[in-house]
Amino acid sequence: MSEINRAVKGTGDVLPEDSYKWQLVEGKMLETARLFGFKEIRIPVFEHTEVFLRSVGDTTDVVQKEMYTFDDKGGRSITLRPEFTAGVIRCAIEKGLVNGALPVKAAYVGGCYRYEKPQAGRLREFHQFGVECIGAAEPSADAEVIALAGQVLEALGIEELSLEINSIGCPECRKEYEAALKAYFLSHIDSLCDTCRDRLSRNPMRILDCKSPVCSEIAAKAPVVTDYLCGECRSHFEAVQSHLAAAGIEFKINPHIVRGLDYYTRTVFEFVSGGIGAQSTVCGGGRYDGLISQMGGPNIPSLGFAMGIERIMLLLEAQGTKLPKETDCDLYIAAVDGKAQLTATGLSASLRRDGFKIQTDICGRSLKAQMKFADKINADFSAVIGESELESGKVRLKNMKTGEETETGLNDISEALREAIRSQTLKELEDSVLK
Ligand code: ATP
Ligand code: MG
């Protein structure tokens, strides 16, 4: 196949047959976010490269290896968003949200771009749902944001997830920890990968997040950050745990979670699943109290999370979850010839204005082929317009499941269809209750 017929490596399509699943999942996400007061924000797919350099951090995998960066025709360095937080904070500062009523609660859904090695659950274009809660310092905020992530995953019916939390402290208490880490990794410097050797002087905590097996093995025995927390960070972390318990949320403390981006402080967390192999983190987040001032805004705290929608889709599929699907077609209107088709066109237009899902022939098919097509698209009802219907002004609505037919005037078809759908739905409901 030539390139013109092939999607770019690491990208995917959502076919018309499957898009209802995405709409459902994304709808559930934003709907749950609204229960917590988070409203949708929409930001550009690309930003000035500096936005990500300054926030995500230049010792991270994202910045070192994964960004889609190019010069536009005006000579500006532009980057496709590898994540949303940086863009949302840029927007919140630029539009003055950070100076208004706090907290600012924003939720987002959309595509992200990272040049990674594509595999199941790891793509070059992928989609995230996430939130940012700007201007809330209290431990109850951490618990609220974690509770929202948990409720989204629960609402989607995702099973066997575990919540792991950690505190990576503030820049103050991290100084001592970083010194301890440096000393530890220096004693293993010969075994570290090249990238991690570079990280050792610039940002030793990054080594804890290295995916290479040798580095991970060394990192597993490294000093843990929770042993180095200052008094304030420790009591913040303890209070987060109390609030989680108050909200009835189970969690595990995992002192090895550091997250992949540089801007995190204090609480970090992940929702991890056993069900999708190596790419097991479906949601990651935490606090980034220094980010807003680092990006030129006021010194206010902030926190958030992001979840990978493709990974959630994989989980739902692996679990065999059936997402409810609405009908694609309430009524298929077949026509025997060109004259009847004109009537079908008129009826279709008027019924669609009434809110029904209507299809009729637009491919010049024979009556037999039209009926076959109605079957194929799973139309709930069908009606045939022929000479006798045109003459009598009456038409029969056929229930495609039961074969049952009801006659109605062409002018009353809207009410008749509504009634037919209603009684079919009632019947199905009764059947399912009786079962
Ligand atoms: P990982 O350790 O798996 O690379 P990350 O730490 O880079 O994840 P974040 O930047 O925190 O991930 O992004 C949040 C979520 O977005 C992840 O938990 C994951 O579900 C999803 N995600 C990240 N990168 C990809 C990708 N390349 N393809 C699909 N989903 C992704
Ligand atoms: Mg990554």
# chains A, B, ... in the order shown; residues from 1 in each chain; ligands from 1

call {"tool": "closest_atom_pairs", "arguments": {"of": "chain A", "to": "ligand 2", "cutoff": "12 Å", "atoms": "only C-alpha atoms and all ligand atoms", "output": "tab-separated table"}}
result
residue	atom	partner	partner_atom_place_in_ligand_line	distance
A:Val56	CA	ligand 2	1 (Mg)	11.8
A:Thr60	CA	ligand 2	1 (Mg)	9.0
A:Asp61	CA	ligand 2	1 (Mg)	6.8
A:Val62	CA	ligand 2	1 (Mg)	6.7
A:Val63	CA	ligand 2	1 (Mg)	10.4
A:Gln64	CA	ligand 2	1 (Mg)	11.3
A:Lys65	CA	ligand 2	1 (Mg)	10.1
A:Glu66	CA	ligand 2	1 (Mg)	8.5
A:Met67	CA	ligand 2	1 (Mg)	11.1
A:Pro82	CA	ligand 2	1 (Mg)	9.6
A:Glu83	CA	ligand 2	1 (Mg)	10.3
A:Cys112	CA	ligand 2	1 (Mg)	11.6
A:Tyr113	CA	ligand 2	1 (Mg)	11.0
A:Arg114	CA	ligand 2	1 (Mg)	8.3
A:Tyr115	CA	ligand 2	1 (Mg)	9.9
A:Glu116	CA	ligand 2	1 (Mg)	8.0
A:Lys117	CA	ligand 2	1 (Mg)	10.2
A:Pro118	CA	ligand 2	1 (Mg)	11.4
A:Gly121	CA	ligand 2	1 (Mg)	11.0
A:Arg122	CA	ligand 2	1 (Mg)	8.5
A:Leu123	CA	ligand 2	1 (Mg)	10.2
A:Arg124	CA	ligand 2	1 (Mg)	10.7
A:Phe126	CA	ligand 2	1 (Mg)	11.5
A:Asp209	CA	ligand 2	1 (Mg)	9.3
A:Cys210	CA	ligand 2	1 (Mg)	9.8
A:Lys211	CA	ligand 2	1 (Mg)	9.2
A:Arg259	CA	ligand 2	1 (Mg)	9.0
A:Gly260	CA	ligand 2	1 (Mg)	6.3
A:Leu261	CA	ligand 2	1 (Mg)	8.8
A:Gln279	CA	ligand 2	1 (Mg)	9.7
A:Ser280	CA	ligand 2	1 (Mg)	11.7
A:Thr281	CA	ligand 2	1 (Mg)	10.1
A:Val282	CA	ligand 2	1 (Mg)	11.6
A:Cys283	CA	ligand 2	1 (Mg)	11.7
A:Gly284	CA	ligand 2	1 (Mg)	10.6
A:Gly308	CA	ligand 2	1 (Mg)	10.9

call {"tool": "residues_around", "arguments": {"residues": "A:Tyr263", "least_positions_apart": "2", "cutoff": "8 Å", "atoms": "only C-alpha atoms", "output": "number ranges by chain"}}
result
A: 55-57, 261, 265, 288, 290-291

call {"tool": "closest_residue", "arguments": {"among": "A:Arg422, A:Arg266, A:Lys73, A:His127", "to": "ligand 1", "atoms": "only C-alpha atoms and all ligand atoms"}}
result
A:His127

call {"tool": "atom_distance", "arguments": {"atom1": "atom CA of A:Arg353", "atom2": "atom CA of A:Ser423"}}
result
21.7 Å

call {"tool": "select_by_dssp", "arguments": {"residues": "stretch 141-243 of chain A", "states": "strand (DSSP E)", "output": "JSON list (two decimals) with C-alpha atoms, in the first residue's frame"}}
result
[["chain", "number", "residue", "atom", "x", "y", "z"],
["A", 161, "LEU", "CA", -7.88, -0.94, 39.38],
["A", 162, "SER", "CA", -5.66, 0.05, 42.21],
["A", 163, "LEU", "CA", -4.84, 3.56, 43.38],
["A", 164, "GLU", "CA", -1.23, 4.18, 44.34],
["A", 165, "ILE", "CA", -0.16, 7.42, 45.96],
["A", 166, "ASN", "CA", 3.10, 8.99, 47.03],
["A", 167, "SER", "CA", 4.50, 12.34, 48.11]]

call {"tool": "closest_residue", "arguments": {"among": "A:Gly135, A:Pro213, A:Gly111, A:Gly296", "to": "ligand 1", "atoms": "only C-alpha atoms and all ligand atoms"}}
result
A:Gly111

call {"tool": "residues_around", "arguments": {"residues": "A:Gly409", "least_positions_apart": "2", "cutoff": "7 Å", "atoms": "only C-alpha atoms", "output": "PyMOL selection string"}}
result
chain A and resi 393-395+411-413

call {"tool": "closest_residue", "arguments": {"among": "A:Thr343, A:Ser216, A:Ser191, A:Gln151", "to": "A:Gly248", "atoms": "only C-alpha atoms"}}
result
A:Gln151

call {"tool": "closest_residue", "arguments": {"among": "A:Gln128, A:Ser19, A:Gln319, A:Ser212", "to": "ligand 1", "atoms": "only C-alpha atoms and all ligand atoms"}}
result
A:Gln128

call {"tool": "decode", "arguments": {"residues": "stretch 275-314 of chain A", "atoms": "N, CA and C atoms", "output": "mmCIF file, in the first residue's frame"}}
result
data_model
loop_
_atom_site.group_PDB
_atom_site.id
_atom_site.type_symbol
_atom_site.label_atom_id
_atom_site.label_comp_id
_atom_site.auth_asym_id
_atom_site.auth_seq_id
_atom_site.Cartn_x
_atom_site.Cartn_y
_atom_site.Cartn_z
ATOM 1 N N GLY A 275 -5.038 -5.379 33.856
ATOM 2 C CA GLY A 275 -5.631 -5.958 32.657
ATOM 3 C C GLY A 275 -5.028 -5.664 31.298
ATOM 4 N N ILE A 276 -4.080 -4.714 31.173
ATOM 5 C CA ILE A 276 -3.617 -4.383 29.812
ATOM 6 C C ILE A 276 -2.107 -4.490 29.644
ATOM 7 N N GLY A 277 -1.511 -5.417 30.332
ATOM 8 C CA GLY A 277 -0.094 -5.693 30.099
ATOM 9 C C GLY A 277 0.816 -4.559 30.537
ATOM 10 N N ALA A 278 1.847 -4.315 29.731
ATOM 11 C CA ALA A 278 2.917 -3.411 30.154
ATOM 12 C C ALA A 278 2.442 -1.969 30.369
ATOM 13 N N GLN A 279 1.515 -1.526 29.508
ATOM 14 C CA GLN A 279 1.047 -0.134 29.623
ATOM 15 C C GLN A 279 -0.084 -0.077 30.654
ATOM 16 N N SER A 280 0.279 -0.246 31.931
ATOM 17 C CA SER A 280 -0.754 -0.508 32.928
ATOM 18 C C SER A 280 -1.281 0.744 33.626
ATOM 19 N N THR A 281 -0.595 1.886 33.446
ATOM 20 C CA THR A 281 -1.066 3.096 34.118
ATOM 21 C C THR A 281 -2.132 3.760 33.266
ATOM 22 N N VAL A 282 -3.365 3.786 33.772
ATOM 23 C CA VAL A 282 -4.414 4.421 32.968
ATOM 24 C C VAL A 282 -4.569 5.886 33.341
ATOM 25 N N CYS A 283 -4.129 6.242 34.543
ATOM 26 C CA CYS A 283 -4.317 7.630 34.979
ATOM 27 C C CYS A 283 -3.155 8.035 35.870
ATOM 28 N N GLY A 284 -2.641 9.236 35.640
ATOM 29 C CA GLY A 284 -1.562 9.729 36.486
ATOM 30 C C GLY A 284 -1.791 11.193 36.792
ATOM 31 N N GLY A 285 -1.404 11.580 37.994
ATOM 32 C CA GLY A 285 -1.592 12.992 38.316
ATOM 33 C C GLY A 285 -0.894 13.374 39.589
ATOM 34 N N GLY A 286 -1.178 14.589 40.012
ATOM 35 C CA GLY A 286 -0.574 15.054 41.246
ATOM 36 C C GLY A 286 -0.603 16.567 41.345
ATOM 37 N N ARG A 287 0.155 17.042 42.328
ATOM 38 C CA ARG A 287 0.218 18.460 42.626
ATOM 39 C C ARG A 287 1.397 19.096 41.907
ATOM 40 N N TYR A 288 1.235 20.330 41.438
ATOM 41 C CA TYR A 288 2.371 21.042 40.836
ATOM 42 C C TYR A 288 2.336 22.484 41.307
ATOM 43 N N ASP A 289 2.656 22.631 42.596
ATOM 44 C CA ASP A 289 2.493 23.935 43.234
ATOM 45 C C ASP A 289 3.393 25.023 42.667
ATOM 46 N N GLY A 290 4.520 24.628 42.051
ATOM 47 C CA GLY A 290 5.438 25.660 41.567
ATOM 48 C C GLY A 290 5.208 26.043 40.118
ATOM 49 N N LEU A 291 4.345 25.322 39.430
ATOM 50 C CA LEU A 291 4.276 25.476 37.967
ATOM 51 C C LEU A 291 3.772 26.845 37.509
ATOM 52 N N ILE A 292 2.747 27.365 38.182
ATOM 53 C CA ILE A 292 2.136 28.597 37.691
ATOM 54 C C ILE A 292 3.115 29.768 37.791
ATOM 55 N N SER A 293 3.825 29.850 38.928
ATOM 56 C CA SER A 293 4.797 30.942 39.037
ATOM 57 C C SER A 293 5.977 30.701 38.101
ATOM 58 N N GLN A 294 6.337 29.445 37.932
ATOM 59 C CA GLN A 294 7.431 29.110 37.010
ATOM 60 C C GLN A 294 7.095 29.545 35.586
ATOM 61 N N MET A 295 5.788 29.555 35.251
ATOM 62 C CA MET A 295 5.387 29.949 33.908
ATOM 63 C C MET A 295 5.018 31.430 33.829
ATOM 64 N N GLY A 296 5.371 32.165 34.870
ATOM 65 C CA GLY A 296 5.180 33.620 34.807
ATOM 66 C C GLY A 296 3.887 34.095 35.431
ATOM 67 N N GLY A 297 3.153 33.216 36.101
ATOM 68 C CA GLY A 297 1.911 33.614 36.762
ATOM 69 C C GLY A 297 2.145 33.867 38.238
ATOM 70 N N PRO A 298 1.077 34.132 38.993
ATOM 71 C CA PRO A 298 1.213 34.350 40.433
ATOM 72 C C PRO A 298 1.605 33.052 41.145
ATOM 73 N N ASN A 299 2.051 33.205 42.397
ATOM 74 C CA ASN A 299 2.488 32.033 43.138
ATOM 75 C C ASN A 299 1.284 31.346 43.785
ATOM 76 N N ILE A 300 0.552 30.564 42.981
ATOM 77 C CA ILE A 300 -0.585 29.826 43.537
ATOM 78 C C ILE A 300 -0.431 28.342 43.192
ATOM 79 N N PRO A 301 -0.928 27.503 44.114
ATOM 80 C CA PRO A 301 -0.753 26.061 43.922
ATOM 81 C C PRO A 301 -1.740 25.516 42.888
ATOM 82 N N SER A 302 -1.515 24.301 42.484
ATOM 83 C CA SER A 302 -2.400 23.698 41.491
ATOM 84 C C SER A 302 -2.185 22.185 41.460
ATOM 85 N N LEU A 303 -3.180 21.480 40.949
ATOM 86 C CA LEU A 303 -3.039 20.025 40.835
ATOM 87 C C LEU A 303 -3.972 19.501 39.757
ATOM 88 N N GLY A 304 -3.756 18.256 39.362
ATOM 89 C CA GLY A 304 -4.601 17.689 38.315
ATOM 90 C C GLY A 304 -4.214 16.263 38.003
ATOM 91 N N PHE A 305 -4.871 15.713 36.978
ATOM 92 C CA PHE A 305 -4.498 14.367 36.503
ATOM 93 C C PHE A 305 -4.831 14.257 35.037
ATOM 94 N N ALA A 306 -4.295 13.221 34.405
ATOM 95 C CA ALA A 306 -4.668 12.919 33.021
ATOM 96 C C ALA A 306 -4.831 11.416 32.883
ATOM 97 N N MET A 307 -5.848 11.000 32.132
ATOM 98 C CA MET A 307 -5.963 9.574 31.852
ATOM 99 C C MET A 307 -5.953 9.306 30.358
ATOM 100 N N GLY A 308 -5.367 8.180 29.987
ATOM 101 C CA GLY A 308 -5.246 7.828 28.579
ATOM 102 C C GLY A 308 -6.500 7.107 28.109
ATOM 103 N N ILE A 309 -7.207 7.710 27.149
ATOM 104 C CA ILE A 309 -8.494 7.132 26.739
ATOM 105 C C ILE A 309 -8.294 5.812 25.974
ATOM 106 N N GLU A 310 -7.224 5.720 25.141
ATOM 107 C CA GLU A 310 -6.988 4.456 24.427
ATOM 108 C C GLU A 310 -6.783 3.312 25.420
ATOM 109 N N ARG A 311 -6.057 3.592 26.492
ATOM 110 C CA ARG A 311 -5.815 2.524 27.484
ATOM 111 C C ARG A 311 -7.126 2.116 28.150
ATOM 112 N N ILE A 312 -8.011 3.090 28.359
ATOM 113 C CA ILE A 312 -9.320 2.772 28.938
ATOM 114 C C ILE A 312 -10.136 1.919 27.967
ATOM 115 N N MET A 313 -10.069 2.264 26.665
ATOM 116 C CA MET A 313 -10.785 1.472 25.655
ATOM 117 C C MET A 313 -10.263 0.031 25.639
ATOM 118 N N LEU A 314 -8.939 -0.122 25.735
ATOM 119 C CA LEU A 314 -8.354 -1.470 25.756
ATOM 120 C C LEU A 314 -8.859 -2.264 26.950
#
